[in-house]
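Worksheet for the structure shown next.
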Amino acid sequence: MRINKLFRSVSIVILLVCILGGIVIAAPIPSELKSVVAFIYIEKEDGNRVPNGTGFFVGVKNPSDPNRFTVYLVTAKHVLYKPKTTEFLDEVHVRLNKKNGSSEFIPTTIKPKGRKRTVFMHNDPSVDIAVIPFLPNQAKFDFKFLPDDMITTKETYRDLKIREGSDVFFTGLFAPYPGAERNYPVVRFGRVALVTEEKIESQGKQMDLYLIEVGSYGGNSGAPVFFYLGSDRNPGSLVVSAPIIKLAGIMQGTFLDAHEIKVAETKKTPYALSSMGIAAVVPGYKLHEILFSRELKKRRGF
């Protein structure tokens with residue numbers, strides 16, 4: 001009896017230390033989540049392909065047949081732009097892992113308008129999301145897709161009680177090392193830094209965004225960002241169950257801070273940009289609105 005009481009007392013102390021001290025006991029993420037990611041390359045004038053961003057696959061379930069999905073490649077809209085412009089490229093190259101252990105580039109035509117349109121976007125032009133109907137050969141390529149019920153809608157967002165401090169992670173292209181023979185997505189972890197009902201200025205526009213505290217660099221744009229909600233997901237209580245993983249949104253990119261550089265005999269003041277450790281995420285409900293827009297529902301027949 002005394003030993004059991006001692007164990008209970010020690011357990012309570014440890015629990016309080018973990019809660020009050022902000023200690024987080026992290027668990028590995030499901031490895032399958034890296035398989036939903038593809039790398040997006042663009043071709044330079046010299047013919048060389050260079051990594052430009054991340055994409056991931058989402059499947060919308062057919063309500064009349066739960067085993068059938070329409071699959072889309074999702075990325076940030078600006079990943080598909082010509083460098084330093086807001087004009088779409090004619091083509092990108094999607095790098096996918098193959099089941100034989102290598103990888104392959106799939107040329108993908110970018111047509112944002114017209115009858116042969118291949119890219120679909122939100123009716124709000126400030127939403128930095130692009131959706132491309134895209135189903136690779138399932139016998140040849142090694143990939144998975146997120147079912148649409150993993151996307152956080154406005155309703156599920158409220159139910160999950162997302163707030164500052166909620167854990168997040170994303171998986172995407174690590175430009176210094178994309179992988180020589182295969183795609184090797186990097187996984188980075190962080191926390192929600194700001195949730196607000198106001199729009200936040202980014203890329204010169206007022207946008208609906210989450211801010212997260214996480215390192216984000218070139219190539220991460222378009223990556224899927226996940227809420228990783230553990231036992232402390234309900235304020236003031238602990239939940240004994242498996243973590244909840246939901247698609248929080250799409251990585252837009254890092255916020256940059258401008259620092260003045262003093263240079264003699266110059267008329268203009270030059271600035272250097274550095275990361276503030278904060279990244280912007282386009283909310284998942286914006287993706288949900290695109291996938292279930294009248295146009296895409298009509299095209300897929302449900």
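By convention here, the chains of the structure tokens are called A, B, ... in the order presented, each chain's residues are numbered starting at 1, and ligands are numbered starting at 1 in the order presented.
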
Where does range 126-240 of chain A meet range 43-52 of chain A within 10 Å, residue by residue, with the nearest atom pair and distance in Å to one decimal for each, counting only C-alpha atoms, listed by chain and rising number, as CSV?
residue,atom,partner,partner_atom,distance
A:Leu173,CA,A:Pro51,CA,8.1
A:Phe174,CA,A:Pro51,CA,9.2
A:Ala175,CA,A:Pro51,CA,6.7
A:Pro176,CA,A:Pro51,CA,9.6
A:Pro178,CA,A:Pro51,CA,8.0
A:Gly218,CA,A:Asn52,CA,7.6
A:Gly219,CA,A:Asn52,CA,5.5
A:Asn220,CA,A:Asn52,CA,8.7
A:Ser221,CA,A:Asn52,CA,8.3
A:Gly222,CA,A:Asn52,CA,9.8

Okay, now the selection with N, CA and C atoms, as a compact mmCIF listing (two decimals), in the first residue's frame?
# COMPACT_ATOMS: atom_id res chain seq x y z
N LEU A 173 10.30 19.21 -49.10
CA LEU A 173 11.59 19.24 -49.78
C LEU A 173 12.62 19.98 -48.93
N PHE A 174 13.78 19.36 -48.75
CA PHE A 174 14.93 20.01 -48.12
C PHE A 174 15.92 20.29 -49.25
N ALA A 175 15.91 21.54 -49.73
CA ALA A 175 16.63 21.88 -50.97
C ALA A 175 18.12 21.48 -50.95
N PRO A 176 18.84 21.62 -49.82
CA PRO A 176 20.25 21.20 -49.84
C PRO A 176 20.44 19.70 -50.06
N PRO A 178 17.72 16.96 -51.58
CA PRO A 178 16.45 16.34 -51.96
C PRO A 178 16.54 14.84 -52.09
N GLY A 218 13.49 27.78 -48.36
CA GLY A 218 13.17 27.57 -49.76
C GLY A 218 13.00 26.10 -50.08
N GLY A 219 11.94 25.77 -50.79
CA GLY A 219 11.63 24.39 -51.11
C GLY A 219 10.51 23.82 -50.25
N ASN A 220 10.29 24.43 -49.07
CA ASN A 220 9.21 23.97 -48.19
C ASN A 220 7.84 24.45 -48.65
N SER A 221 7.80 25.47 -49.49
CA SER A 221 6.52 26.01 -49.94
C SER A 221 5.69 24.90 -50.60
N GLY A 222 4.43 24.82 -50.21
CA GLY A 222 3.54 23.80 -50.74
C GLY A 222 3.47 22.54 -49.91

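Of the residues under consideration (A:Asn137, A:Asn123, A:Thr108, A:Ser35), A:Thr108 shows the shortest atom-to-atom contact distance to Val94 in chain A when counting only C-alpha atoms.
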
Sorted per-residue table, range 41-73 of chain A near range 127-134 of chain A, closest atoms and distance, 7 Å, only C-alpha atoms, as CSV:
residue,atom,partner,partner_atom,distance
A:Val71,CA,A:Phe134,CA,5.9
A:Tyr72,CA,A:Pro133,CA,4.4
A:Leu73,CA,A:Ile132,CA,5.1

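If you look at CA of Glu201 in chain A and CA of Asp148 in chain A, they are 28.4 Å away from each other.
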
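Of the listed residues (A:Ile212, A:Leu146, A:Ala248, A:Ala280), A:Ala280 comes nearest to Ile200 in chain A; the distances count only C-alpha atoms.
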
Handout entry: DSSP-assigned strand (DSSP E or B) members of range 97-203 of chain A, reported as a ChimeraX atom specification
Key = /A:97-98,103-109,120,130-133,141,146-147,151,167-172,186-194,200-202

Handout entry: Pairwise distance for CA of Lys144 in chain A and CA of Pro185 in chain A, rounded to one decimal in Å
Key = 13.8 Å

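For range 47-269 of chain A, the set of residues given helix (DSSP H, G or I) by DSSP on the backbone reads Lys77, His78, Val79, Leu80, Asp148, Asp149, Met150, Lys154, Glu155, Thr156, Tyr157, Arg158 and Asp159 of chain A.
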
Write to file, as a PDB file, in the first residue's frame, the residues of the selection just made, with C-alpha atoms.
ATOM      1  CA  LYS A  77       0.288  28.620 -56.060  1.00  0.00           C
ATOM      2  CA  HIS A  78       3.540  30.588 -56.153  1.00  0.00           C
ATOM      3  CA  VAL A  79       5.544  27.350 -56.601  1.00  0.00           C
ATOM      4  CA  LEU A  80       4.089  27.231 -60.134  1.00  0.00           C
ATOM      5  CA  ASP A 148     -10.292  14.372 -47.623  1.00  0.00           C
ATOM      6  CA  ASP A 149     -11.575  13.691 -44.093  1.00  0.00           C
ATOM      7  CA  MET A 150      -8.070  14.533 -42.800  1.00  0.00           C
ATOM      8  CA  LYS A 154     -13.707  25.447 -39.948  1.00  0.00           C
ATOM      9  CA  GLU A 155     -15.987  23.141 -37.945  1.00  0.00           C
ATOM     10  CA  THR A 156     -13.326  20.577 -37.053  1.00  0.00           C
ATOM     11  CA  TYR A 157     -10.902  23.396 -36.255  1.00  0.00           C
ATOM     12  CA  ARG A 158     -13.253  24.624 -33.535  1.00  0.00           C
ATOM     13  CA  ASP A 159     -13.916  21.100 -32.277  1.00  0.00           C
TER      14      ASP A 159
END

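Note that CA of Phe145 in chain A and CA of Val60 in chain A are 9.6 Å apart.
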
Problem - For Phe189 in chain A: contacts at 8 Å, only C-alpha atoms, fewer than 6 positions along chain excluded, given as a list in words - result: Asp167, Val168, Phe169, Phe170 and Val214 of chain A

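Shortest atom-to-atom contact with Arg294 in chain A among A:Thr85, A:Arg115, A:Phe120, A:Lys205: A:Phe120, counting only C-alpha atoms.
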
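Within 7 Å of range 87-91 of chain A, once only C-alpha atoms are used and residues closer than 5 positions along the same chain are dropped, the contacting residues are A:Leu80, A:Tyr81, A:Lys82, A:Pro107, A:Thr108, A:Thr109, A:Ile110.
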